[in-house]
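Student: Sharing work.cif (mmCIF, C-alpha atoms) below.
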```cif
data_final
loop_
_atom_site.label_atom_id
_atom_site.label_comp_id
_atom_site.auth_asym_id
_atom_site.auth_seq_id
_atom_site.Cartn_x
_atom_site.Cartn_y
_atom_site.Cartn_z
CA ARG A 163 2.88 5.24 0.94
CA GLN A 164 0.12 6.24 -1.45
CA GLN A 165 -1.50 2.80 -1.25
CA VAL A 166 -1.55 3.00 2.54
CA ALA A 167 -2.91 6.55 2.44
CA VAL A 168 -5.94 5.58 0.32
CA ALA A 169 -6.70 2.22 1.95
CA ASP A 170 -9.98 1.45 3.73
CA ARG A 171 -8.34 -1.43 5.60
CA ILE A 172 -4.68 -2.23 6.19
CA LEU A 173 -3.80 -5.90 6.56
CA LEU A 174 -0.61 -6.64 8.46
CA THR A 175 0.74 -9.94 7.22
CA LYS A 176 3.65 -11.84 8.77
CA ALA A 177 3.63 -9.53 11.80
CA GLU A 178 4.70 -12.50 13.92
CA LEU A 179 8.06 -12.51 12.10
CA VAL A 180 9.21 -9.13 13.45
CA ASP A 181 9.99 -7.96 16.97
CA ALA A 182 7.63 -5.76 18.98
CA ALA A 183 9.69 -2.59 18.43
CA ALA A 184 9.64 -2.96 14.63
CA LEU A 185 5.91 -3.66 14.68
CA ALA A 186 5.27 -0.60 16.87
CA GLU A 187 7.29 1.59 14.49
CA LEU A 188 5.30 0.26 11.53
CA GLU A 189 2.00 0.90 13.36
CA ALA A 190 3.05 4.50 14.08
CA THR A 191 3.97 5.08 10.44
CA LEU A 192 0.67 3.60 9.23
CA GLU A 193 -1.25 5.76 11.73
CA THR A 194 0.49 8.84 10.32
CA LEU A 195 -0.25 7.98 6.70
CA ASN A 196 -3.88 6.91 7.22
CA PRO A 197 -5.28 7.49 10.71
CA GLY A 198 -8.78 6.33 9.77
CA ALA A 199 -7.98 2.90 8.34
CA PRO A 200 -8.25 -0.02 10.78
CA ARG A 201 -5.13 -2.16 10.88
CA MET A 202 -5.71 -5.90 11.11
CA PRO A 203 -3.12 -8.58 11.80
CA VAL A 204 -3.27 -11.58 9.47
CA ARG A 205 -1.80 -14.84 10.77
CA ASN A 206 -0.83 -17.54 8.28
CA GLY A 207 -2.72 -15.75 5.51
CA GLU A 208 -6.09 -16.24 7.22
CA ILE A 209 -8.65 -13.50 7.84
CA ASP A 210 -12.40 -13.55 8.24
CA ALA A 211 -13.94 -12.15 5.04
CA ALA A 212 -16.48 -10.24 7.15
CA HIS A 213 -13.62 -7.93 8.20
CA LEU A 214 -13.10 -6.92 4.58
CA LEU A 215 -16.71 -6.40 3.49
CA ASP A 216 -19.39 -3.82 4.31
CA ILE A 217 -16.87 -1.04 4.78
CA LEU A 218 -19.53 1.67 4.61
CA THR A 219 -21.87 0.43 7.34
CA PRO A 220 -22.77 2.95 10.07
CA ARG A 221 -20.74 0.92 12.58
CA GLU A 222 -17.63 1.37 10.46
CA LEU A 223 -17.97 5.12 9.86
CA ARG A 224 -16.76 6.42 13.24
CA PRO A 225 -13.10 5.33 12.87
CA TRP A 226 -13.23 6.05 9.14
CA LEU A 227 -14.15 9.67 9.75
CA ARG A 228 -11.83 10.05 12.75
CA THR A 229 -14.07 12.55 14.52
CA GLU A 230 -14.74 13.01 18.18
CA PRO A 231 -18.17 12.40 19.76
CA ALA A 232 -20.79 14.97 18.82
CA THR A 233 -19.90 18.50 19.86
CA PRO A 234 -21.24 21.75 18.46
CA ARG A 235 -19.02 22.92 15.60
CA LYS A 236 -19.77 25.85 13.37
CA LEU A 237 -17.40 25.29 10.50
CA MET A 238 -14.16 23.40 10.15
CA SER A 239 -12.22 21.46 12.74
CA PRO A 240 -8.89 19.79 12.04
CA VAL A 241 -7.89 16.27 12.93
CA ARG A 242 -4.12 16.11 13.18
CA THR A 243 -1.64 13.37 13.96
CA ALA A 244 1.32 13.88 16.28
CA ALA A 245 3.91 16.40 15.10
CA ALA A 246 6.70 13.86 15.48
CA SER A 247 4.89 11.43 13.17
CA LEU A 248 4.19 14.13 10.59
CA ALA A 249 7.86 15.00 10.45
CA SER A 250 8.61 11.58 8.95
CA HIS A 251 6.07 12.10 6.11
CA PRO A 252 5.80 15.87 5.68
CA ASP A 253 4.28 15.65 2.20
CA ILE A 254 1.26 13.56 3.26
CA ASP A 255 -1.35 15.17 5.49
CA SER A 256 -4.84 14.27 6.66
CA PHE A 257 -7.51 16.53 8.09
CA CYS A 258 -11.24 16.66 8.68
CA LEU A 259 -13.57 19.52 7.79
CA SER A 260 -16.95 19.71 9.52
CA TYR A 261 -20.10 21.68 8.76
CA ALA A 262 -22.86 21.83 11.39
CA GLN A 263 -25.71 22.95 9.13
CA PRO A 264 -27.21 20.89 6.27
CA LEU A 265 -25.49 21.66 2.95
CA PRO A 266 -26.67 21.87 -0.67
CA MET A 267 -25.57 18.51 -2.09
CA HIS A 268 -25.07 19.72 -5.66
CA ALA A 269 -22.69 22.46 -4.48
CA LEU A 270 -20.55 20.04 -2.49
CA GLU A 271 -20.45 17.56 -5.38
CA THR A 272 -19.43 20.34 -7.77
CA ALA A 273 -16.70 21.54 -5.41
CA LEU A 274 -15.32 18.02 -4.99
CA THR A 275 -15.43 17.42 -8.75
CA VAL A 276 -13.49 20.63 -9.37
CA LEU A 277 -10.96 19.82 -6.65
CA LEU A 278 -10.37 16.32 -8.00
CA GLY A 279 -10.21 17.61 -11.57
CA TYR A 280 -7.56 20.21 -10.81
CA HIS A 281 -5.70 18.60 -7.90
CA GLY A 282 -6.62 14.91 -8.11
CA GLU A 283 -3.03 13.72 -8.32
CA ARG A 284 -2.43 15.35 -4.93
CA ILE A 285 -5.74 14.41 -3.29
CA LEU A 286 -5.03 10.81 -2.46
CA ARG A 287 -8.42 10.26 -0.86
CA VAL A 288 -11.53 12.13 0.21
CA LYS A 289 -14.23 10.47 2.28
CA GLY A 290 -17.25 11.91 3.96
CA ILE A 291 -20.71 11.68 5.36
CA GLY A 292 -23.14 14.42 4.51
CA ASN A 293 -26.23 16.01 5.96
CA PHE A 294 -27.83 17.55 2.89
CA ILE A 295 -30.78 19.88 2.41
CA GLY A 296 -33.81 17.82 1.39
CA GLU A 297 -32.29 14.48 2.45
CA SER A 298 -33.52 12.69 5.56
CA ARG A 299 -30.79 10.04 5.46
CA PRO A 300 -27.02 10.46 5.63
CA VAL A 301 -25.12 10.32 2.36
CA VAL A 302 -21.65 8.78 2.17
CA PHE A 303 -19.26 9.70 -0.60
CA HIS A 304 -15.64 9.08 -1.43
CA GLY A 305 -13.12 9.82 -4.12
CA VAL A 306 -9.67 8.64 -5.06
CA GLN A 307 -7.51 11.06 -7.01
CA GLN A 308 -9.55 12.14 -10.09
CA LEU A 309 -12.47 9.75 -9.48
CA LEU A 310 -15.50 10.71 -7.35
CA HIS A 311 -17.64 7.62 -6.72
CA GLU A 312 -21.43 7.61 -6.75
CA PRO A 313 -22.81 8.81 -3.37
CA LEU A 314 -24.44 6.14 -1.19
CA LYS A 315 -27.47 6.79 1.05
CA LEU A 316 -27.34 5.01 4.40
CA GLU A 317 -30.38 3.86 6.36
CA GLN A 318 -29.18 5.59 9.54
CA TRP A 319 -26.49 7.84 11.00
CA PRO A 320 -23.57 6.10 12.75
CA ASP A 321 -24.13 8.23 15.89
CA GLU A 322 -25.96 11.34 17.12
CA ASP A 323 -23.67 13.75 15.25
CA ARG A 324 -25.54 15.05 12.19
CA SER A 325 -22.78 17.32 10.90
CA THR A 326 -21.27 16.90 7.46
CA ARG A 327 -17.72 15.60 7.86
CA LEU A 328 -15.11 15.43 5.10
CA VAL A 329 -11.80 13.66 5.55
CA PHE A 330 -9.00 14.50 3.13
CA ILE A 331 -5.70 12.70 2.70
CA VAL A 332 -3.45 14.86 0.55
CA GLN A 333 0.10 14.85 -0.72
CA GLY A 334 1.81 18.19 -1.24
CA LEU A 335 -1.42 20.20 -1.32
CA ALA A 336 -2.21 23.06 1.04
CA ARG A 337 -5.33 22.64 3.14
CA SER A 338 -6.27 26.23 2.31
CA VAL A 339 -6.79 25.30 -1.37
CA ILE A 340 -9.44 22.78 -0.36
CA GLU A 341 -11.10 25.07 2.21
CA GLU A 342 -11.28 28.01 -0.21
CA THR A 343 -12.72 25.89 -3.04
CA LEU A 344 -15.39 24.34 -0.84
CA THR A 345 -16.31 27.71 0.66
CA HIS A 346 -16.60 29.29 -2.79
CA PHE A 347 -19.02 26.69 -4.18
CA LEU A 348 -21.08 26.45 -0.99
CA ARG A 349 -21.50 30.23 -0.82
CA GLU A 350 -22.37 30.39 -4.52
CA ALA A 351 -25.23 27.97 -3.70
CA GLY A 352 -26.51 30.29 -0.97
CA CYS A 353 -24.88 28.73 2.09
CA THR A 354 -24.13 32.00 3.92
CA SER A 355 -22.60 30.45 7.05
CA CYS A 356 -20.21 28.20 5.07
#
```
Take the structure in the file and give it back as structure tokens.

Tutor:
Amino acid sequence: RQQVAVADRILLTKAELVDAAALAELEATLETLNPGAPRMPVRNGEIDAAHLLDILTPRELRPWLRTEPATPRKLMSPVRTAAASLASHPDIDSFCLSYAQPLPMHALETALTVLLGYHGERILRVKGIGNFIGESRPVVFHGVQQLLHEPLKLEQWPDEDRSTRLVFIVQGLARSVIEETLTHFLREAGCTSC
């Protein structure tokens, strides 16, 4: 379950060996554990390598972030899976936090570092695209448990939405802990509407 929750891609091998009902049940479970990861069927062990590379291109970010088309949002908006699906995996949750205004990058990085340092074993994955003060290009970042990877600047935004969007996949960690930590560090950096 943890491997599925942190995956960028999920490869479904030998899907042709099970009936449609079993495959549908598996797809629903995978959607619950990681709604942003594309699921790809693999037949006879063959898959085009292009499907596995360039995961952080602008074209790939929309499903990865699991956000709706651009709409005005002031602060945080949840992305939730169906209640019936969550009941089967109540300890794993995913949600998206959005910030409409540009943010101070150092404050967000500090908040994420603190969160992963204290709660990394329960933060299975964090991914995001940021609109940061002083940056003209979008910045993509991601972390897995205690490790926050080096941010990556993209050449362009994946769409017209310029909000900062953070996707968290957590296990046994209250969303409020993440929201309060982010708010604290952003406000300390002078972000009064955060």

Student: Please evaluate the PyMOL selection byres ((chain A and resi 292-296) around 9) against the displayed coordinates and give the resulting residues as a list of chain:residue names.

Tutor: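 Checked against the file, the PyMOL selection byres ((chain A and resi 292-296) around 9) matches A:Tyr261, A:Ala262, A:Gln263, A:Pro264, A:Leu265, A:Pro266, A:Met267, A:Gly290, A:Ile291, A:Glu297, A:Ser298, A:Arg299, A:Pro300, A:Val301, A:Val302, A:Phe303, A:Arg324, A:Ser325, A:Thr326, A:Arg327, A:Leu328.
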
Student: Could you jot down the atom CA of Leu348 of chain A to atom CA of Val276 of chain A separation for me, Å, one decimal place?

Tutor: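 Between atom CA of Leu348 of chain A and atom CA of Val276 of chain A the gap is 12.7 Å.
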
Student: Could you produce a table of the residues of segment 282-354 of chain A lying within 10 Å of segment 194-218 of chain A, with the nearest pair of atoms per residue and their separation in Å rounded to one decimal, using all atoms listed in the file, ordered by chain and increasing residue number, as CSV?

Tutor:
```
residue,atom,partner,partner_atom,distance
A:Arg287,CA,A:Asn196,CA,9.9
A:Val302,CA,A:Leu218,CA,7.8
A:Phe303,CA,A:Leu218,CA,9.6
A:Leu314,CA,A:Leu218,CA,8.8
A:Leu316,CA,A:Leu218,CA,8.5
A:Val329,CA,A:Gly198,CA,9.0
A:Ile331,CA,A:Asn196,CA,7.6
A:Val332,CA,A:Leu195,CA,9.8
```

Student: One decimal, in Å: what's the spacing between atom CA of Val168 of chain A and atom CA of Ala186 of chain A?

Tutor: 20.9 Å

Student: Starting from the shown file, work through the PyMOL selection byres ((chain A and resi 282) around 12) and note down what comes out as a tab-separated table (two decimals) with C-alpha atoms, keeping the file's coordinate frame.

Tutor:
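Generated file (expr-v5.tsv):
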```tsv
chain	number	residue	atom	x	y	z
A	274	LEU	CA	-15.32	18.02	-4.99
A	275	THR	CA	-15.43	17.42	-8.75
A	276	VAL	CA	-13.49	20.63	-9.37
A	277	LEU	CA	-10.96	19.82	-6.65
A	278	LEU	CA	-10.37	16.32	-8.00
A	279	GLY	CA	-10.21	17.61	-11.57
A	280	TYR	CA	-7.56	20.21	-10.81
A	281	HIS	CA	-5.70	18.60	-7.90
A	283	GLU	CA	-3.03	13.72	-8.32
A	284	ARG	CA	-2.43	15.35	-4.93
A	285	ILE	CA	-5.74	14.41	-3.29
A	286	LEU	CA	-5.03	10.81	-2.46
A	287	ARG	CA	-8.42	10.26	-0.86
A	288	VAL	CA	-11.53	12.13	0.21
A	305	GLY	CA	-13.12	9.82	-4.12
A	306	VAL	CA	-9.67	8.64	-5.06
A	307	GLN	CA	-7.51	11.06	-7.01
A	308	GLN	CA	-9.55	12.14	-10.09
A	309	LEU	CA	-12.47	9.75	-9.48
A	310	LEU	CA	-15.50	10.71	-7.35
A	330	PHE	CA	-9.00	14.50	3.13
A	331	ILE	CA	-5.70	12.70	2.70
A	332	VAL	CA	-3.45	14.86	0.55
A	333	GLN	CA	0.10	14.85	-0.72
A	334	GLY	CA	1.81	18.19	-1.24
A	335	LEU	CA	-1.42	20.20	-1.32
A	340	ILE	CA	-9.44	22.78	-0.36
```

Student: Which residue, A:Arg171, A:Lys176, A:His346, A:Arg163, has the smallest gap to Ala269 of chain A when you use all atoms listed in the file?

Tutor: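 Distance minimum relative to Ala269 of chain A lands on A:His346.
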
Student: Record the distance separating atom CA of Cys356 of chain A and atom CA of Ala167 of chain A, expressed in Å with one decimal.

Tutor: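 If I compute the distance from atom CA of Cys356 of chain A to atom CA of Ala167 of chain A, I get 27.8 Å.
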
Student: Do a neighbour search on Thr345 of chain A at 10 Å with all atoms listed in the file, toss out local chain neighbours closer than 5 positions, and write the hits as a compact mmCIF listing (two decimals) with C-alpha atoms, keeping the file's coordinate frame.

Tutor:
```
# COMPACT_ATOMS: atom_id res chain seq x y z
CA ALA A 269 -22.69 22.46 -4.48
CA LEU A 270 -20.55 20.04 -2.49
CA ALA A 273 -16.70 21.54 -5.41
CA ILE A 340 -9.44 22.78 -0.36
CA GLU A 350 -22.37 30.39 -4.52
CA ALA A 351 -25.23 27.97 -3.70
CA CYS A 353 -24.88 28.73 2.09
CA THR A 354 -24.13 32.00 3.92
CA SER A 355 -22.60 30.45 7.05
CA CYS A 356 -20.21 28.20 5.07
```

Student: So which one's closest to Gln165 of chain A, A:Leu192, A:Phe257, A:Thr343, A:Asp321? Using all atoms listed in the file, please.

Tutor: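 The shortest atom-to-atom distance to Gln165 of chain A comes from A:Leu192.
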